[in-house]
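Peer 1: I have a structure here, written as structure tokens, and I will follow up with some questions on it.
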Amino acid sequence: MTIFDWLNEITIKKTLPNNFTEESWDKFNSYMIHRYLSMNIDYIDIVNYVQKINPTNKKQIYSIYREMIPKQKVWLKYIKSQTPKKNDELVNYVAEYFECSLGEADHYIDILRETGVRNILWQMGVDEKEQNKLVKSL
């Protein structure tokens, strides 16, 4: 069973938990179920409650969702991040320059903007053609 099969079981079919095989339960991913169900604004409170249950209690999580979510076909649109990803090589240069983590370097790039990042790249000996390529994503 895929994640979408499990979501259909929760929202439409509502099969009893004992009717699934152990192989099916191995495919049940609590994290992804929570994540997809939370994309529907009507289910946020339910998901918030159920997330507190130990993720290894798959049957209990399924049973609660099965009982609390109405039997209806729903479209659960997965919402992706709107933040564009920075060039990994650029982040590595900034992390090396400041001797910090990649996450911190990502924030530094936002603070420094293009001029500051170009200055760092210049100090690290990166040629202008390479700088233009790296800074283009900013």
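Just so we're on the same page: first chain in the structure tokens is A, next is B, and so on; residues restart at 1 for each chain, and ligands are numbered from 1 in the order they show up.
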If we count only C-alpha atoms, what is near Lys59 (chain A) at a cut-off of 10 Å, once residues fewer than 3 positions away on the same chain are taken out, given as a PDB file with C-alpha atoms, in the first residue's frame?

Peer 2:
ATOM      1  CA  LEU A  16     -11.129  -2.014  10.154  1.00  0.00           C
ATOM      2  CA  PRO A  17      -7.486  -2.020  11.343  1.00  0.00           C
ATOM      3  CA  ASN A  18      -7.429  -5.803  11.847  1.00  0.00           C
ATOM      4  CA  PHE A  20      -4.682  -5.232   7.072  1.00  0.00           C
ATOM      5  CA  TRP A  25       1.277  -1.867   8.299  1.00  0.00           C
ATOM      6  CA  PHE A  28       2.086   2.949   7.012  1.00  0.00           C
ATOM      7  CA  PRO A  55       4.376   6.985  15.836  1.00  0.00           C
ATOM      8  CA  THR A  56       4.942   3.252  16.322  1.00  0.00           C
ATOM      9  CA  TYR A  62      -5.164   4.832  11.953  1.00  0.00           C
ATOM     10  CA  SER A  63      -8.158   4.041  14.184  1.00  0.00           C
ATOM     11  CA  ILE A  64      -8.386   7.573  15.552  1.00  0.00           C
ATOM     12  CA  TYR A  65      -8.178   9.120  12.103  1.00  0.00           C
TER      13      TYR A  65
END

Peer 1: With a distance cut-off of 10 Å and only C-alpha atoms, select the neighbouring residues of Lys71 (chain A), excluding the residue or stretch itself and same-chain residues fewer than 3 positions from it, and output the selection as a compact mmCIF listing (two decimals) with C-alpha atoms, in the first residue's frame.

Peer 2:
# COMPACT_ATOMS: atom_id res chain seq x y z
CA ASN A 8 -8.05 6.71 0.94
CA GLU A 9 -8.55 4.15 3.70
CA ILE A 10 -8.74 6.93 6.29
CA THR A 11 -11.01 9.26 4.32
CA ILE A 12 -13.19 6.99 2.15
CA LYS A 13 -13.03 3.23 2.71
CA LYS A 14 -12.65 3.14 6.52
CA ARG A 66 -10.67 6.57 10.78
CA GLU A 67 -13.19 7.51 13.47
CA MET A 68 -12.66 11.28 13.58
CA VAL A 74 -11.07 14.95 -0.06

Peer 1: What lies within 12 Å of Gly103 (chain A) using only C-alpha atoms, ignoring chain neighbours under 2 positions off, as a ChimeraX atom specification?

Peer 2: /A:85-86,88,91-92,94-95,98-101,105-110

Peer 1: Could those residues be written to a file, using C-alpha atoms, as a PDB file, in the first residue's frame?

Peer 2:
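Listed below is the output, result-v1.pdb:
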ATOM      1  CA  LYS A  85      16.878  26.967  -2.758  1.00  0.00           C
ATOM      2  CA  LYS A  86      20.293  28.585  -2.834  1.00  0.00           C
ATOM      3  CA  ASP A  88      24.890  24.494  -2.631  1.00  0.00           C
ATOM      4  CA  VAL A  91      26.470  28.008   0.685  1.00  0.00           C
ATOM      5  CA  ASN A  92      29.596  25.868   1.082  1.00  0.00           C
ATOM      6  CA  VAL A  94      30.110  31.048   2.848  1.00  0.00           C
ATOM      7  CA  ALA A  95      30.145  28.257   5.463  1.00  0.00           C
ATOM      8  CA  PHE A  98      32.690  31.960   8.400  1.00  0.00           C
ATOM      9  CA  GLU A  99      33.515  28.449   9.696  1.00  0.00           C
ATOM     10  CA  CYS A 100      29.855  27.782  10.461  1.00  0.00           C
ATOM     11  CA  SER A 101      27.118  25.293   9.595  1.00  0.00           C
ATOM     12  CA  ALA A 105      25.635  30.147   6.020  1.00  0.00           C
ATOM     13  CA  ASP A 106      22.245  30.142   4.322  1.00  0.00           C
ATOM     14  CA  HIS A 107      21.070  32.871   6.723  1.00  0.00           C
ATOM     15  CA  TYR A 108      24.291  34.844   6.232  1.00  0.00           C
ATOM     16  CA  ILE A 109      23.702  34.888   2.484  1.00  0.00           C
ATOM     17  CA  ASP A 110      20.292  36.479   3.095  1.00  0.00           C
TER      18      ASP A 110
END

Peer 1: Of the candidates A:Val50, A:Ile44, A:Leu102, A:Leu90, which one gets nearest to Asn132 (chain A) if we count only C-alpha atoms?

Peer 2: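 So, comparing all the options, the nearest one is A:Leu90.
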
Peer 1: Quick one: residues within 10 Å of Lys133 (chain A), only C-alpha atoms, excluding same-chain residues fewer than 4 positions away - as an mmCIF file with C-alpha atoms, in the first residue's frame?

Peer 2:
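Printed below is out10.cif as written:
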data_model
loop_
_atom_site.group_PDB
_atom_site.id
_atom_site.type_symbol
_atom_site.label_atom_id
_atom_site.label_comp_id
_atom_site.auth_asym_id
_atom_site.auth_seq_id
_atom_site.Cartn_x
_atom_site.Cartn_y
_atom_site.Cartn_z
ATOM 1 C CA ASN A 87 23.225 27.203 -4.772
ATOM 2 C CA LEU A 90 27.712 29.131 -2.726
ATOM 3 C CA GLU A 128 34.454 36.740 -11.601
ATOM 4 C CA LYS A 129 32.896 34.304 -14.073
ATOM 5 C CA SER A 137 20.461 32.490 -7.971
#

Peer 1: Write out as a compact mmCIF listing (two decimals) with C-alpha atoms, in the first residue's frame the set of residues from region 56-121 of chain A that DSSP, computed on the backbone, places in helix (DSSP H, G or I).

Peer 2:
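Okay, selection_26.txt is ready:
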# COMPACT_ATOMS: atom_id res chain seq x y z
CA LYS A 58 0.20 2.69 13.81
CA LYS A 59 -3.10 0.90 14.43
CA GLN A 60 -4.09 3.40 17.10
CA ILE A 61 -3.24 6.36 14.85
CA TYR A 62 -5.16 4.83 11.95
CA SER A 63 -8.16 4.04 14.18
CA ILE A 64 -8.39 7.57 15.55
CA TYR A 65 -8.18 9.12 12.10
CA ARG A 66 -10.67 6.57 10.78
CA GLU A 67 -13.19 7.51 13.47
CA MET A 68 -12.66 11.28 13.58
CA ASP A 88 24.89 24.49 -2.63
CA GLU A 89 28.37 25.52 -3.78
CA LEU A 90 27.71 29.13 -2.73
CA VAL A 91 26.47 28.01 0.69
CA ASN A 92 29.60 25.87 1.08
CA TYR A 93 31.86 28.84 0.27
CA VAL A 94 30.11 31.05 2.85
CA ALA A 95 30.15 28.26 5.46
CA GLU A 96 33.87 27.74 4.89
CA TYR A 97 34.54 31.49 5.10
CA PHE A 98 32.69 31.96 8.40
CA LEU A 102 25.39 25.24 6.22
CA GLY A 103 22.16 26.46 7.83
CA GLU A 104 23.90 29.47 9.33
CA ALA A 105 25.64 30.15 6.02
CA ASP A 106 22.25 30.14 4.32
CA HIS A 107 21.07 32.87 6.72
CA TYR A 108 24.29 34.84 6.23
CA ILE A 109 23.70 34.89 2.48
CA ASP A 110 20.29 36.48 3.10
CA ILE A 111 21.87 39.11 5.33
CA LEU A 112 24.91 39.83 3.13
CA ARG A 113 23.01 40.00 -0.14
CA GLU A 114 24.81 40.03 -3.46
CA THR A 115 27.47 42.64 -2.67
CA GLY A 116 28.61 40.99 0.56
CA VAL A 117 28.60 37.52 -0.97
CA ARG A 118 30.67 38.73 -3.94
CA ASN A 119 33.16 40.28 -1.51
CA ILE A 120 33.52 36.95 0.32
CA LEU A 121 33.93 35.04 -2.94

Peer 1: A:Thr2, A:Asn54, A:Asn19, A:Thr83: which is nearest Leu138 (chain A), counting only C-alpha atoms?

Peer 2: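 Checking each of A:Thr2, A:Asn54, A:Asn19, A:Thr83 against Leu138 (chain A), counting only C-alpha atoms, the winner is A:Thr83.
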
Peer 1: Skip Leu7 (chain A) itself and residues of its chain fewer than 6 positions away, then list as a count of residues only all residues within 9 Å of it, counting only C-alpha atoms.

Peer 2: 3
